[in-house]
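See structure below.
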Amino acid sequence: MTTTATGTVDLPGGHVLTWAETDWDDPRGAALRAAMDVELSPRYAALRGDSPRPAPPSSEDVAVVVLALVDGKPAATGTLRRLPDRWEVKRLVVDADHRRLGLASRILARVEDAARDRGADELFLQTGNRQPEAIALYEREEWERIEVFAPYDPADGISVCFRKALRAEP
């Protein structure tokens with residue numbers, strides 16, 4: 001596990017936000033992702049049935065995991081994944097005890113910056129149709145809704161996909 005601290009910010013209520021960049025195997029990010037799975041699985045159980053899910057990110061295709069630590073505790077995370085044909089935001093989650101602090105948009109901005117730093121001109125992401133809070137975040141942050149892309153299945157009715165240009169388009 002590699003962690004790089006990237007600065008601190010004061011939050012309302014006297015809380016301190018510390019940024020860290022780490023890798024997919026960091027247990028703090030893994031714990032946040034596991035909590036996300038527990039929270040979201042019931043929303044999709046009836047829709048998914050026995051359908052196979054796309055493979056999750058791996059340490060080999062993850063460029064960076066951004067962590068937000070509030071008062072030293074893992075509060076939010078987002079992942080930048082490198083695929084052969086695109087850069088993708090994965091597994092953006094804010095811990096339930098740390099919501100309403102603006103962490104989701106801050107994490108998303110950090111992942112976008114990490115992609116720019118690596119030369120990406122655009123980013124893609126997929127979320128589910130039973131996550132209205134995620135869809136609202138991406139629309140508010142000026143992501144453009146696009147057709148469902150592989151490996152997500154447009155026929156399953158679950159996926160909602162987005163794209164964002166990271167550099168000014170001519």
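As shown in the structure tokens, the chain order sets the letters A, B, ...; within each chain, residues go from 1, and ligands are also counted from 1 in the order they appear.
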
When DSSP works through the backbone of this structure, what residues of segment 54-166 of chain A end up as helix (DSSP H, G or I), shown as an mmCIF file with C-alpha atoms, in the first residue's frame?
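Full text of result-v7.cif as output:
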```cif
data_model
loop_
_atom_site.group_PDB
_atom_site.id
_atom_site.type_symbol
_atom_site.label_atom_id
_atom_site.label_comp_id
_atom_site.auth_asym_id
_atom_site.auth_seq_id
_atom_site.Cartn_x
_atom_site.Cartn_y
_atom_site.Cartn_z
ATOM 1 C CA ALA A 96 -22.930 7.609 5.671
ATOM 2 C CA ASP A 97 -21.583 9.463 8.734
ATOM 3 C CA HIS A 98 -19.819 12.022 6.531
ATOM 4 C CA LEU A 103 -17.231 15.330 -0.138
ATOM 5 C CA ALA A 104 -18.731 13.633 -3.208
ATOM 6 C CA SER A 105 -18.130 16.605 -5.489
ATOM 7 C CA ARG A 106 -14.686 17.141 -3.967
ATOM 8 C CA ILE A 107 -13.692 13.501 -4.510
ATOM 9 C CA LEU A 108 -14.999 13.627 -8.068
ATOM 10 C CA ALA A 109 -12.973 16.781 -8.770
ATOM 11 C CA ARG A 110 -9.853 15.115 -7.344
ATOM 12 C CA VAL A 111 -10.329 12.063 -9.571
ATOM 13 C CA GLU A 112 -10.867 14.344 -12.589
ATOM 14 C CA ASP A 113 -7.620 16.184 -11.730
ATOM 15 C CA ALA A 114 -5.766 12.869 -11.387
ATOM 16 C CA ALA A 115 -6.978 11.900 -14.864
ATOM 17 C CA ARG A 116 -5.864 15.254 -16.319
ATOM 18 C CA ASP A 117 -2.457 14.789 -14.665
ATOM 19 C CA PRO A 132 -30.680 9.129 -7.916
ATOM 20 C CA GLU A 133 -28.215 10.865 -5.611
ATOM 21 C CA ALA A 134 -25.300 9.765 -7.815
ATOM 22 C CA ILE A 135 -27.082 10.749 -11.018
ATOM 23 C CA ALA A 136 -27.870 14.174 -9.531
ATOM 24 C CA LEU A 137 -24.206 14.631 -8.539
ATOM 25 C CA TYR A 138 -22.907 13.853 -12.024
ATOM 26 C CA GLU A 139 -25.451 16.085 -13.710
ATOM 27 C CA ARG A 140 -24.696 18.921 -11.267
ATOM 28 C CA PRO A 154 -27.777 -1.768 -22.087
ATOM 29 C CA ALA A 155 -30.429 -4.484 -22.053
ATOM 30 C CA ASP A 156 -30.402 -4.922 -18.272
#
```

| task | Write out as a PyMOL selection string all residues of segment 3-91 of chain A that DSSP puts in strand (DSSP E or B) for this structure's backbone. | result | chain A and resi 4-10+16-22+62-70+73-83+86-91

| said: I'd like the neighbourhood of segment 8-24 of chain A as a VMD selection string, where a residue qualifies if any of its atoms comes within 12 Å (using only C-alpha atoms), though same-chain residues fewer than 2 positions away should be ignored. | reply: chain A and resid 1 to 6 26 to 33 56 to 81 90 to 91 98 100 to 103 106 to 107 110 to 111 113 to 114

Please save N, CA and C atoms of the selected residues as a short mmCIF file (atom, residue, chain, number, x, y, z; two decimals), in the first residue's frame.
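What follows is the written file part-v3.cif:
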```cif
data_model
loop_
_atom_site.label_atom_id
_atom_site.label_comp_id
_atom_site.auth_asym_id
_atom_site.auth_seq_id
_atom_site.Cartn_x
_atom_site.Cartn_y
_atom_site.Cartn_z
N MET A 1 0.85 -1.18 0.00
CA MET A 1 0.00 0.00 0.00
C MET A 1 0.89 1.23 0.00
N THR A 2 0.60 2.13 -0.91
CA THR A 2 1.31 3.39 -1.00
C THR A 2 0.32 4.52 -0.75
N THR A 3 0.69 5.44 0.12
CA THR A 3 -0.18 6.57 0.40
C THR A 3 0.62 7.85 0.29
N THR A 4 0.04 8.82 -0.39
CA THR A 4 0.64 10.14 -0.50
C THR A 4 -0.36 11.15 0.01
N ALA A 5 0.01 11.91 1.04
CA ALA A 5 -0.86 12.97 1.54
C ALA A 5 -0.81 14.13 0.55
N THR A 6 -1.97 14.76 0.34
CA THR A 6 -2.02 15.83 -0.66
C THR A 6 -2.65 17.11 -0.13
N ASP A 26 -5.49 -0.52 -0.57
CA ASP A 26 -5.53 0.19 0.71
C ASP A 26 -6.77 -0.24 1.49
N PRO A 27 -6.63 -0.72 2.72
CA PRO A 27 -7.79 -1.21 3.47
C PRO A 27 -8.82 -0.14 3.80
N ARG A 28 -8.42 1.11 3.86
CA ARG A 28 -9.40 2.18 4.14
C ARG A 28 -10.38 2.33 2.98
N GLY A 29 -9.86 2.36 1.76
CA GLY A 29 -10.72 2.43 0.59
C GLY A 29 -11.56 1.17 0.44
N ALA A 30 -10.95 0.01 0.71
CA ALA A 30 -11.67 -1.26 0.61
C ALA A 30 -12.85 -1.29 1.57
N ALA A 31 -12.67 -0.76 2.77
CA ALA A 31 -13.76 -0.74 3.76
C ALA A 31 -14.90 0.16 3.30
N LEU A 32 -14.57 1.30 2.72
CA LEU A 32 -15.62 2.19 2.20
C LEU A 32 -16.37 1.54 1.04
N ARG A 33 -15.64 0.85 0.16
CA ARG A 33 -16.29 0.18 -0.97
C ARG A 33 -17.18 -0.96 -0.49
N PRO A 56 -14.84 -6.17 -11.37
CA PRO A 56 -14.47 -4.95 -10.65
C PRO A 56 -13.05 -4.51 -11.02
N PRO A 57 -12.69 -3.30 -10.67
CA PRO A 57 -11.32 -2.87 -10.90
C PRO A 57 -10.34 -3.81 -10.17
N SER A 58 -9.11 -3.78 -10.63
CA SER A 58 -8.05 -4.55 -9.99
C SER A 58 -6.86 -3.63 -9.75
N SER A 59 -5.94 -4.08 -8.95
CA SER A 59 -4.77 -3.24 -8.68
C SER A 59 -3.99 -2.96 -9.96
N GLU A 60 -4.11 -3.83 -10.97
CA GLU A 60 -3.38 -3.64 -12.22
C GLU A 60 -3.97 -2.51 -13.07
N ASP A 61 -5.28 -2.31 -13.03
CA ASP A 61 -5.87 -1.28 -13.90
C ASP A 61 -6.25 0.00 -13.16
N VAL A 62 -6.02 0.06 -11.86
CA VAL A 62 -6.32 1.27 -11.10
C VAL A 62 -5.10 2.18 -11.08
N ALA A 63 -5.29 3.40 -11.56
CA ALA A 63 -4.20 4.37 -11.56
C ALA A 63 -4.02 4.99 -10.19
N VAL A 64 -5.14 5.30 -9.53
CA VAL A 64 -5.05 5.92 -8.20
C VAL A 64 -6.41 5.80 -7.51
N VAL A 65 -6.35 5.72 -6.20
CA VAL A 65 -7.53 5.80 -5.35
C VAL A 65 -7.37 7.06 -4.52
N VAL A 66 -8.36 7.93 -4.58
CA VAL A 66 -8.35 9.17 -3.80
C VAL A 66 -9.15 8.91 -2.53
N LEU A 67 -8.57 9.29 -1.40
CA LEU A 67 -9.24 9.15 -0.11
C LEU A 67 -9.42 10.51 0.53
N ALA A 68 -10.60 10.72 1.10
CA ALA A 68 -10.86 11.89 1.94
C ALA A 68 -10.91 11.38 3.37
N LEU A 69 -10.06 11.94 4.21
CA LEU A 69 -10.03 11.58 5.62
C LEU A 69 -10.54 12.77 6.41
N VAL A 70 -11.59 12.57 7.18
CA VAL A 70 -12.13 13.64 8.02
C VAL A 70 -11.72 13.34 9.45
N ASP A 71 -10.94 14.25 10.02
CA ASP A 71 -10.38 14.06 11.36
C ASP A 71 -9.63 12.73 11.44
N GLY A 72 -8.97 12.39 10.33
CA GLY A 72 -8.16 11.17 10.28
C GLY A 72 -8.91 9.90 9.95
N LYS A 73 -10.23 9.96 9.85
CA LYS A 73 -11.03 8.77 9.57
C LYS A 73 -11.44 8.73 8.10
N PRO A 74 -11.40 7.55 7.47
CA PRO A 74 -11.83 7.45 6.07
C PRO A 74 -13.29 7.88 5.92
N ALA A 75 -13.51 8.86 5.06
CA ALA A 75 -14.84 9.43 4.90
C ALA A 75 -15.39 9.27 3.49
N ALA A 76 -14.51 9.23 2.50
CA ALA A 76 -14.96 9.13 1.10
C ALA A 76 -13.80 8.62 0.25
N THR A 77 -14.17 8.05 -0.88
CA THR A 77 -13.16 7.55 -1.81
C THR A 77 -13.69 7.58 -3.24
N GLY A 78 -12.77 7.62 -4.16
CA GLY A 78 -13.07 7.52 -5.59
C GLY A 78 -11.86 6.94 -6.28
N THR A 79 -12.10 6.23 -7.37
CA THR A 79 -11.04 5.50 -8.06
C THR A 79 -10.94 5.95 -9.51
N LEU A 80 -9.72 6.08 -9.98
CA LEU A 80 -9.44 6.33 -11.39
C LEU A 80 -8.90 5.04 -11.98
N ARG A 81 -9.64 4.51 -12.95
CA ARG A 81 -9.29 3.23 -13.58
C ARG A 81 -8.87 3.48 -15.02
N LYS A 90 -14.50 5.06 -10.94
CA LYS A 90 -15.13 3.90 -10.33
C LYS A 90 -15.25 4.11 -8.84
N ARG A 91 -16.27 3.49 -8.30
CA ARG A 91 -16.42 3.30 -6.85
C ARG A 91 -16.30 4.59 -6.05
N HIS A 98 -20.51 10.83 7.03
CA HIS A 98 -19.82 12.02 6.53
C HIS A 98 -20.52 12.67 5.34
N ARG A 100 -23.28 15.14 3.40
CA ARG A 100 -23.72 16.53 3.52
C ARG A 100 -22.57 17.48 3.86
N LEU A 101 -21.33 17.05 3.55
CA LEU A 101 -20.16 17.91 3.73
C LEU A 101 -19.55 18.33 2.39
N GLY A 102 -20.19 17.92 1.29
CA GLY A 102 -19.66 18.25 -0.03
C GLY A 102 -18.52 17.35 -0.47
N LEU A 103 -18.36 16.20 0.18
CA LEU A 103 -17.23 15.33 -0.14
C LEU A 103 -17.36 14.66 -1.50
N ARG A 106 -16.13 16.93 -4.15
CA ARG A 106 -14.69 17.14 -3.97
C ARG A 106 -13.89 15.91 -4.42
N ILE A 107 -14.37 14.73 -4.07
CA ILE A 107 -13.69 13.50 -4.51
C ILE A 107 -13.71 13.42 -6.03
N ARG A 110 -11.21 15.65 -7.53
CA ARG A 110 -9.85 15.11 -7.34
C ARG A 110 -9.55 14.00 -8.35
N VAL A 111 -10.53 13.14 -8.59
CA VAL A 111 -10.33 12.06 -9.57
C VAL A 111 -10.19 12.66 -10.97
N ASP A 113 -8.97 15.61 -11.69
CA ASP A 113 -7.62 16.18 -11.73
C ASP A 113 -6.55 15.11 -11.92
N ALA A 114 -6.72 13.97 -11.24
CA ALA A 114 -5.77 12.87 -11.39
C ALA A 114 -5.74 12.37 -12.83
#
```

| said: So, with only C-alpha atoms as the atoms that count, which of A:Leu125, A:Ala120, A:Val148, A:Leu47 lies closest to Leu166 of chain A? | reply: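 Selected residue with least distance to Leu166 of chain A: A:Ala120.
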
| Between A:Arg53, A:Arg163, A:Arg99, A:Arg43, which has the minimum distance to Arg130 of chain A (counting only C-alpha atoms)? | A:Arg43

| said: Report, in Å with one decimal, the straight-line distance from atom CA of Asn129 of chain A to atom CA of Gly157 of chain A. | reply: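 Atom CA of Gly157 of chain A lies at a distance of 7.8 Å from atom CA of Asn129 of chain A.
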
| message | When you count only C-alpha atoms, which of these residues is closest to Val94 of chain A: A:Ile146, A:Leu123, A:Val160, A:Ala34? | response |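 Going through A:Ile146, A:Leu123, A:Val160, A:Ala34 one by one, the smallest distance to Val94 of chain A is for A:Ala34.
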
| task | Work out how far apart atom CA of Pro151 of chain A and atom CA of Arg118 of chain A are and give it in Å to one decimal. | result |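 Atom CA of Arg118 of chain A lies at a distance of 23.0 Å from atom CA of Pro151 of chain A.
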
| task | Name the closest residue to Ser41 of chain A among the candidates A:Gln131, A:Ala150, A:Lys164, A:Trp143; distances are taken between atoms, counting only C-alpha atoms. | result |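 So, comparing all the options, the nearest one is A:Gln131.
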